[in-house]
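Asker: Pasting input_10.tsv here (TSV, C-alpha atoms):
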chain	number	residue	atom	x	y	z
A	21	MET	CA	112.03	93.12	86.53
A	22	GLY	CA	108.80	94.05	88.18
A	23	THR	CA	108.34	91.21	90.63
A	24	VAL	CA	110.67	88.99	92.60
A	25	SER	CA	110.60	85.60	90.85
A	26	GLY	CA	112.70	82.77	89.42
A	27	MET	CA	116.47	83.19	89.67
A	28	TYR	CA	115.92	86.75	90.85
A	29	ARG	CA	114.07	85.41	93.91
A	30	SER	CA	116.79	82.84	94.60
A	31	LEU	CA	119.46	85.54	94.52
A	32	SER	CA	117.40	87.66	96.89
A	33	ILE	CA	117.23	84.79	99.38
A	34	VAL	CA	120.97	84.14	99.24
A	35	LEU	CA	121.69	87.83	99.65
A	36	LEU	CA	119.42	88.16	102.69
A	37	LEU	CA	120.92	85.12	104.40
A	38	LEU	CA	124.48	86.34	103.84
A	39	ILE	CA	123.62	89.79	105.16
A	40	SER	CA	121.98	88.45	108.31
A	41	ARG	CA	124.91	86.23	109.11
A	42	GLY	CA	127.45	88.88	108.14
A	43	LEU	CA	125.91	91.44	110.46
A	44	ALA	CA	125.90	88.91	113.25
A	45	ALA	CA	129.59	88.23	112.72
A	46	GLN	CA	130.40	91.94	112.75
A	47	ASN	CA	128.49	92.54	115.96
A	48	ALA	CA	129.36	89.28	117.73
A	49	GLN	CA	125.64	88.74	118.31
A	50	PRO	CA	123.08	86.15	117.18
A	51	ARG	CA	122.06	86.72	113.58
A	52	VAL	CA	119.27	89.20	112.93
A	53	ARG	CA	115.90	87.44	112.96
A	54	ASN	CA	113.56	90.20	111.72
A	55	ILE	CA	113.22	91.05	108.03
A	56	VAL	CA	110.85	93.70	106.69
A	57	LEU	CA	110.05	93.56	102.94
A	58	VAL	CA	108.85	96.59	100.96
A	59	HIS	CA	107.33	96.30	97.48
A	60	GLY	CA	107.71	98.63	94.52
A	61	ALA	CA	105.34	100.54	92.25
A	62	TRP	CA	102.41	98.92	90.42
A	63	ALA	CA	102.53	95.96	92.81
A	64	ASP	CA	101.67	94.95	96.35
A	65	GLY	CA	103.23	92.87	99.07
A	66	SER	CA	102.11	89.56	97.56
A	67	GLY	CA	105.00	89.84	95.11
A	68	TRP	CA	107.26	88.84	97.99
A	69	LYS	CA	105.36	85.58	98.67
A	70	GLY	CA	108.09	83.26	97.42
A	71	VAL	CA	110.77	85.07	99.41
A	72	TYR	CA	108.54	85.13	102.50
A	73	ASP	CA	107.94	81.38	102.36
A	74	ILE	CA	111.63	80.51	102.19
A	75	LEU	CA	112.71	82.94	104.91
A	76	VAL	CA	109.96	81.84	107.28
A	77	ARG	CA	110.90	78.22	106.68
A	78	ASP	CA	114.45	79.12	107.69
A	79	GLY	CA	113.28	80.63	110.96
A	80	TYR	CA	113.10	84.33	110.20
A	81	ASN	CA	110.38	86.68	111.41
A	82	VAL	CA	109.24	88.28	108.14
A	83	THR	CA	106.83	91.18	107.78
A	84	ILE	CA	105.63	92.60	104.46
A	85	VAL	CA	104.62	96.25	104.25
A	86	GLN	CA	101.54	97.14	102.21
A	87	GLU	CA	102.20	100.66	100.95
A	88	PRO	CA	99.20	102.77	99.91
A	89	LEU	CA	101.18	104.33	97.01
A	90	THR	CA	99.25	107.57	97.54
A	91	SER	CA	102.32	109.69	98.35
A	92	LEU	CA	105.95	109.10	99.22
A	93	GLN	CA	105.20	110.39	102.72
A	94	ASP	CA	102.33	107.91	103.14
A	95	ASP	CA	104.54	105.04	102.03
A	96	VAL	CA	107.35	106.09	104.37
A	97	ALA	CA	104.84	106.26	107.22
A	98	ALA	CA	103.59	102.76	106.37
A	99	VAL	CA	107.12	101.37	106.60
A	100	LYS	CA	107.87	103.17	109.86
A	101	ARG	CA	104.61	101.84	111.30
A	102	ILE	CA	105.74	98.27	110.63
A	103	LEU	CA	109.26	98.94	111.88
A	104	GLY	CA	107.73	100.10	115.14
A	105	LEU	CA	106.15	96.68	115.61
A	106	GLN	CA	109.42	94.75	115.39
A	107	ASP	CA	110.73	93.17	118.60
A	108	GLY	CA	114.39	93.74	117.85
A	109	PRO	CA	116.91	94.71	115.15
A	110	CYS	CA	115.82	94.14	111.57
A	111	ILE	CA	116.99	94.13	107.98
A	112	LEU	CA	114.93	96.42	105.74
A	113	VAL	CA	114.56	95.19	102.16
A	114	ALA	CA	113.03	96.95	99.16
A	115	HIS	CA	112.44	96.42	95.48
A	116	SER	CA	112.32	99.10	92.76
A	117	TYR	CA	110.42	102.25	93.90
A	118	GLY	CA	110.46	100.79	97.41
A	119	GLY	CA	114.16	101.64	97.53
A	120	ALA	CA	113.34	105.34	97.68
A	121	VAL	CA	110.85	104.59	100.45
A	122	ILE	CA	113.30	102.70	102.68
A	123	THR	CA	115.98	105.30	101.99
A	124	GLU	CA	113.76	107.82	103.76
A	125	ALA	CA	112.18	105.43	106.29
A	126	GLY	CA	115.18	103.39	107.39
A	127	THR	CA	117.09	105.78	109.64
A	128	GLY	CA	115.71	104.38	112.92
A	129	SER	CA	117.96	102.55	115.37
A	130	THR	CA	116.24	99.17	114.87
A	131	VAL	CA	117.31	99.01	111.21
A	132	VAL	CA	120.76	97.42	111.06
A	133	GLY	CA	121.02	96.88	107.30
A	134	LEU	CA	119.38	97.96	104.04
A	135	VAL	CA	118.92	95.67	101.06
A	136	TYR	CA	118.12	97.14	97.65
A	137	VAL	CA	116.80	94.52	95.23
A	138	ALA	CA	117.11	96.26	91.85
A	139	ALA	CA	115.92	99.39	93.63
A	140	HIS	CA	116.38	103.15	93.70
A	141	MET	CA	118.77	104.74	96.22
A	142	PRO	CA	118.34	108.53	96.00
A	143	ASP	CA	120.52	110.85	98.06
A	144	ASP	CA	119.58	113.93	100.06
A	145	GLY	CA	117.68	116.35	97.81
A	146	GLU	CA	117.23	113.78	95.04
A	147	SER	CA	114.17	111.97	93.71
A	148	GLU	CA	113.74	108.69	91.91
A	149	ALA	CA	112.46	110.48	88.81
A	150	ALA	CA	115.49	112.76	88.58
A	151	ASP	CA	117.96	109.93	89.17
A	152	GLY	CA	116.24	107.81	86.53
A	153	LYS	CA	117.20	110.39	83.90
A	154	ARG	CA	120.88	109.62	84.47
A	155	PHE	CA	120.41	106.20	82.89
A	156	PRO	CA	116.97	105.97	81.23
A	157	SER	CA	115.33	102.55	81.33
A	158	ASP	CA	113.56	100.68	78.56
A	159	LEU	CA	110.29	101.27	80.40
A	160	SER	CA	110.82	105.02	80.59
A	161	LYS	CA	111.39	105.13	76.82
A	162	SER	CA	108.29	103.05	76.07
A	163	THR	CA	104.60	103.89	75.86
A	164	ALA	CA	103.70	101.44	78.64
A	165	ILE	CA	103.20	103.98	81.46
A	166	LYS	CA	99.68	105.41	81.46
A	167	THR	CA	98.09	108.02	83.72
A	168	THR	CA	94.55	108.18	85.09
A	169	PRO	CA	92.57	111.46	85.11
A	170	ASP	CA	93.29	111.88	88.83
A	171	GLY	CA	97.07	111.55	88.46
A	172	PHE	CA	97.79	107.88	89.19
A	173	THR	CA	100.04	105.87	86.89
A	174	TYR	CA	99.62	102.28	85.80
A	175	LEU	CA	101.19	100.01	83.21
A	176	ASP	CA	99.42	99.08	80.01
A	177	PRO	CA	98.45	95.44	80.61
A	178	ALA	CA	99.40	94.60	77.03
A	179	GLN	CA	102.99	95.73	77.71
A	180	PHE	CA	103.23	94.68	81.36
A	181	HIS	CA	104.94	91.35	80.68
A	182	GLU	CA	107.48	92.83	78.28
A	183	TYR	CA	108.69	95.72	80.43
A	184	PHE	CA	107.83	94.84	84.01
A	185	ALA	CA	107.74	91.06	84.45
A	186	ALA	CA	109.70	89.48	81.62
A	187	ASP	CA	110.98	86.63	83.81
A	188	MET	CA	107.48	85.49	84.82
A	189	PRO	CA	105.31	82.89	83.07
A	190	VAL	CA	102.80	84.53	80.73
A	191	LYS	CA	99.73	83.62	82.79
A	192	GLN	CA	101.29	84.79	86.04
A	193	ALA	CA	102.34	88.07	84.42
A	194	ALA	CA	98.82	88.55	83.05
A	195	PHE	CA	97.38	88.17	86.54
A	196	ALA	CA	99.92	90.66	87.91
A	197	ALA	CA	99.05	93.09	85.13
A	198	HIS	CA	95.36	92.96	85.98
A	199	SER	CA	95.89	93.16	89.74
A	200	GLN	CA	98.48	95.94	89.68
A	201	VAL	CA	98.17	98.82	92.13
A	202	PRO	CA	98.22	102.30	90.53
A	203	ILE	CA	100.70	104.71	92.10
A	204	LEU	CA	100.39	108.49	92.28
A	205	ALA	CA	102.70	109.97	89.65
A	206	ALA	CA	103.99	112.54	92.16
A	207	ASN	CA	105.48	109.74	94.27
A	208	PHE	CA	108.33	109.36	91.82
A	209	SER	CA	109.27	113.01	92.33
A	210	GLY	CA	109.25	112.80	96.12
A	211	VAL	CA	112.51	114.26	97.46
A	212	ILE	CA	114.65	112.41	99.98
A	213	THR	CA	115.69	114.37	103.08
A	214	THR	CA	117.79	111.96	105.18
A	215	PRO	CA	119.11	108.98	103.20
A	216	ALA	CA	119.41	105.95	105.47
A	217	TRP	CA	122.14	104.36	103.38
A	218	ARG	CA	124.53	107.11	104.45
A	219	SER	CA	124.45	105.80	108.03
A	220	LYS	CA	123.60	102.10	107.55
A	221	PRO	CA	125.39	99.24	105.77
A	222	SER	CA	123.72	98.49	102.44
A	223	TRP	CA	123.57	95.81	99.78
A	224	MET	CA	122.42	96.05	96.16
A	225	LEU	CA	121.24	93.21	93.94
A	226	VAL	CA	121.68	94.30	90.31
A	227	ALA	CA	119.24	92.70	87.86
A	228	THR	CA	121.36	92.71	84.72
A	229	LYS	CA	118.41	92.53	82.30
A	230	ASP	CA	116.12	94.87	84.22
A	231	ARG	CA	113.90	96.89	81.89
A	232	THR	CA	112.17	98.92	84.60
A	233	ILE	CA	115.33	100.39	86.14
A	234	ASN	CA	118.46	100.61	84.02
A	235	PRO	CA	121.04	98.16	85.47
A	236	ASP	CA	123.69	100.85	85.01
A	237	LEU	CA	121.73	103.09	87.37
A	238	GLU	CA	121.60	100.28	89.93
A	239	ARG	CA	125.38	99.91	89.62
A	240	TRP	CA	125.86	103.67	89.92
A	241	TYR	CA	123.74	103.79	93.06
A	242	ALA	CA	125.68	100.91	94.60
A	243	ALA	CA	129.07	102.42	93.79
A	244	ARG	CA	128.09	105.78	95.27
A	245	ALA	CA	126.79	104.19	98.47
A	246	LYS	CA	129.70	101.73	98.64
A	247	SER	CA	127.11	98.97	98.84
A	248	HIS	CA	127.98	95.29	98.77
A	249	THR	CA	126.85	94.38	95.25
Render the structure in this file as structure tokens.

Answerer:
Amino acid sequence: MGTVSGMYRSLSIVLLLLISRGLAAQNAQPRVRNIVLVHGAWADGSGWKGVYDILVRDGYNVTIVQEPLTSLQDDVAAVKRILGLQDGPCILVAHSYGGAVITEAGTGSTVVGLVYVAAHMPDDGESEAADGKRFPSDLSKSTAIKTTPDGFTYLDPAQFHEYFAADMPVKQAAFAAHSQVPILAANFSGVITTPAWRSKPSWMLVATKDRTINPDLERWYAARAKSHT
């Protein structure tokens, strides 16, 4: 799915709460209070609004990164910039393309856990685009992905609901389709150098009817990283 909504959002909340408390139990310390949320491609941070509201209500300090989507390096820098503003340990959470971003950005000492919400988890020397070929998604086999003359991709608004936001109400999906943020095509081929999940505990939420990332790829990522799934 393209955005975090409905049951998907509820599962994300449960997962984050369990992780925070589980890390606290492991470390014999108060539960982690800081959560940083990272969006995926063709979207912005507002897609996390429902998750933000619930976590803030439960007393968490939540920050949402707004990635420029102009290069993988720019997006990694945007995440690290926000991580530098945290006042203590944090859980770093990403959706979709954002998973590649936090994989590269999450190696710092303040990050105590990584959460992949139906997200990519490339390894050293890998890219999201290359890994996606292992288990092609419905979106990748469709005609929905378009490219602008200057190399940015976007999703055909007429196919946005079907492939990217199938669990959203039609009107909400239409708004998301017409407010989507184009992403430079080269971002998907950005190569990971130091995967954070190799040194940090990780969790993966598999969206079993995901049409943007093949659920089997999400499962493969999680098995390789020995993520809680």

Asker: Determine, for each residue of segment 33-145 of chain A having at least one atom at most 9 Å from an atom of segment 149-167 of chain A, the closest pair of atoms and their separation in Å to one decimal, counting only C-alpha atoms; order by chain and ascending number, as CSV.

Answerer:
residue,atom,partner,partner_atom,distance
A:His140,CA,A:Asp151,CA,8.3
A:Met141,CA,A:Asp151,CA,8.8
A:Pro142,CA,A:Asp151,CA,7.0

Asker: With distances taken over all atoms listed in the file, which residue among A:Arg53, A:His115, A:Arg77, A:Lys191 lies nearest Trp223 of chain A?

Answerer: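 For Trp223 of chain A, the nearest of the candidates is A:His115.
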
Asker: Kindly give the distance, in Å, that separates atom CA of Asp144 of chain A and atom CA of Ile212 of chain A, rounded to a single decimal.

Answerer: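 Separating atom CA of Asp144 of chain A from atom CA of Ile212 of chain A is a distance of 5.2 Å.
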
Asker: Name the closest residue to Ile233 of chain A among the candidates A:Ala186, A:Ile203, A:Leu112, A:Ala138; distances are taken between atoms, counting only C-alpha atoms.

Answerer: A:Ala138

Asker: Between atom CA of Val131 of chain A and atom CA of Val56 of chain A, what distance in Å does the model show, to one decimal?

Answerer: 9.5 Å

Asker: Put the listed atoms of segment 227-239 of chain A in a box along x, y and z with 6 Å added on every side and give me the centre and edge lengths in Å to one decimal, as AutoDock Vina command-line options.

Answerer:
--center_x 118.8 --center_y 97.8 --center_z 85.9 --size_x 25.2 --size_y 22.6 --size_z 20.0

Asker: Using only C-alpha atoms, which residue out of A:Asp95, A:Met224, A:Ala114, A:Glu146 lies closest to Trp240 of chain A?

Answerer: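 Distance minimum relative to Trp240 of chain A lands on A:Met224.
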
Asker: Which of these, A:Pro235, A:Pro177, A:Pro202, A:Gly145, has the shortest distance to Thr214 of chain A once you count only C-alpha atoms?

Answerer: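 Closest candidate: A:Gly145.
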
Asker: Identify, on the basis of only C-alpha atoms, every residue whose closest approach to segment 103-106 of chain A does not exceed 12 Å; exclude the query and any residue fewer than 3 positions from it along the same chain; express the result as a ChimeraX atom specification.

Answerer: /A:52-58,81-85,96-100,109-113,122,125-132

Asker: Using all atoms listed in the file for the distances, tell me which of A:Glu87, A:Asp143, A:Asp94, A:Asp187 is nearest to Trp62 of chain A.

Answerer: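 Looking at the shortest contact to Trp62 of chain A, the residue is A:Glu87.
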
Asker: So the first atom is atom CA of Ala205 of chain A and the second is atom CA of Gln86 of chain A; what is the distance between them in Å, to one decimal place?

Answerer: 18.0 Å

Asker: Take segment 191-224 of chain A, bring it up to N, CA and C atoms, and give me the output as a CSV table (one decimal), in the frame of the given file.

Answerer:
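Generated file (rebuild-v3.csv):
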chain,number,residue,atom,x,y,z
A,191,LYS,N,101.0,83.6,82.0
A,191,LYS,CA,99.7,83.6,82.8
A,191,LYS,C,99.9,84.3,84.1
A,192,GLN,N,101.0,84.1,84.8
A,192,GLN,CA,101.3,84.8,86.0
A,192,GLN,C,101.5,86.3,85.8
A,193,ALA,N,102.2,86.7,84.7
A,193,ALA,CA,102.3,88.1,84.4
A,193,ALA,C,101.0,88.7,84.1
A,194,ALA,N,100.1,88.0,83.4
A,194,ALA,CA,98.8,88.6,83.0
A,194,ALA,C,98.0,88.8,84.3
A,195,PHE,N,98.1,87.9,85.3
A,195,PHE,CA,97.4,88.2,86.5
A,195,PHE,C,98.0,89.4,87.2
A,196,ALA,N,99.3,89.5,87.3
A,196,ALA,CA,99.9,90.7,87.9
A,196,ALA,C,99.5,92.0,87.2
A,197,ALA,N,99.4,91.9,85.9
A,197,ALA,CA,99.0,93.1,85.1
A,197,ALA,C,97.7,93.6,85.5
A,198,HIS,N,96.7,92.6,85.7
A,198,HIS,CA,95.4,93.0,86.0
A,198,HIS,C,95.0,93.1,87.5
A,199,SER,N,96.1,92.9,88.3
A,199,SER,CA,95.9,93.2,89.7
A,199,SER,C,96.9,94.2,90.2
A,200,GLN,N,97.5,94.9,89.3
A,200,GLN,CA,98.5,95.9,89.7
A,200,GLN,C,97.8,97.1,90.5
A,201,VAL,N,98.6,97.7,91.3
A,201,VAL,CA,98.2,98.8,92.1
A,201,VAL,C,98.7,100.1,91.5
A,202,PRO,N,97.8,101.0,91.1
A,202,PRO,CA,98.2,102.3,90.5
A,202,PRO,C,98.9,103.1,91.6
A,203,ILE,N,99.9,103.9,91.2
A,203,ILE,CA,100.7,104.7,92.1
A,203,ILE,C,100.6,106.2,91.7
A,204,LEU,N,100.5,107.1,92.6
A,204,LEU,CA,100.4,108.5,92.3
A,204,LEU,C,101.7,108.9,91.6
A,205,ALA,N,101.5,109.6,90.4
A,205,ALA,CA,102.7,110.0,89.6
A,205,ALA,C,103.7,110.8,90.5
A,206,ALA,N,103.1,111.6,91.4
A,206,ALA,CA,104.0,112.5,92.2
A,206,ALA,C,104.9,111.8,93.1
A,207,ASN,N,104.6,110.5,93.4
A,207,ASN,CA,105.5,109.7,94.3
A,207,ASN,C,106.9,109.7,93.7
A,208,PHE,N,107.0,109.5,92.4
A,208,PHE,CA,108.3,109.4,91.8
A,208,PHE,C,109.2,110.6,91.9
A,209,SER,N,108.5,111.7,92.2
A,209,SER,CA,109.3,113.0,92.3
A,209,SER,C,109.5,113.4,93.8
A,210,GLY,N,109.1,112.5,94.7
A,210,GLY,CA,109.2,112.8,96.1
A,210,GLY,C,110.7,112.9,96.5
A,211,VAL,N,111.1,114.0,97.2
A,211,VAL,CA,112.5,114.3,97.5
A,211,VAL,C,112.9,113.7,98.8
A,212,ILE,N,114.1,113.0,98.8
A,212,ILE,CA,114.6,112.4,100.0
A,212,ILE,C,115.3,113.5,100.9
A,213,THR,N,115.1,113.4,102.2
A,213,THR,CA,115.7,114.4,103.1
A,213,THR,C,116.9,113.8,103.9
A,214,THR,N,116.7,112.6,104.4
A,214,THR,CA,117.8,112.0,105.2
A,214,THR,C,118.0,110.5,104.7
A,215,PRO,N,118.9,110.3,103.8
A,215,PRO,CA,119.1,109.0,103.2
A,215,PRO,C,119.7,108.0,104.2
A,216,ALA,N,119.0,106.9,104.5
A,216,ALA,CA,119.4,106.0,105.5
A,216,ALA,C,120.7,105.3,105.1
A,217,TRP,N,120.9,105.1,103.8
A,217,TRP,CA,122.1,104.4,103.4
A,217,TRP,C,123.4,105.1,103.7
A,218,ARG,N,123.3,106.4,104.1
A,218,ARG,CA,124.5,107.1,104.4
A,218,ARG,C,125.0,106.8,105.9
A,219,SER,N,124.1,106.2,106.7
A,219,SER,CA,124.4,105.8,108.0
A,219,SER,C,124.3,104.3,108.3
A,220,LYS,N,123.8,103.5,107.4
A,220,LYS,CA,123.6,102.1,107.6
A,220,LYS,C,124.4,101.3,106.5
A,221,PRO,N,124.8,100.1,106.8
A,221,PRO,CA,125.4,99.2,105.8
A,221,PRO,C,124.3,98.9,104.8
A,222,SER,N,124.7,98.8,103.5
A,222,SER,CA,123.7,98.5,102.4
A,222,SER,C,124.2,97.5,101.5
A,223,TRP,N,123.3,96.8,100.8
A,223,TRP,CA,123.6,95.8,99.8
A,223,TRP,C,122.7,96.1,98.6
A,224,MET,N,123.2,95.9,97.4
A,224,MET,CA,122.4,96.0,96.2
A,224,MET,C,122.5,94.8,95.3
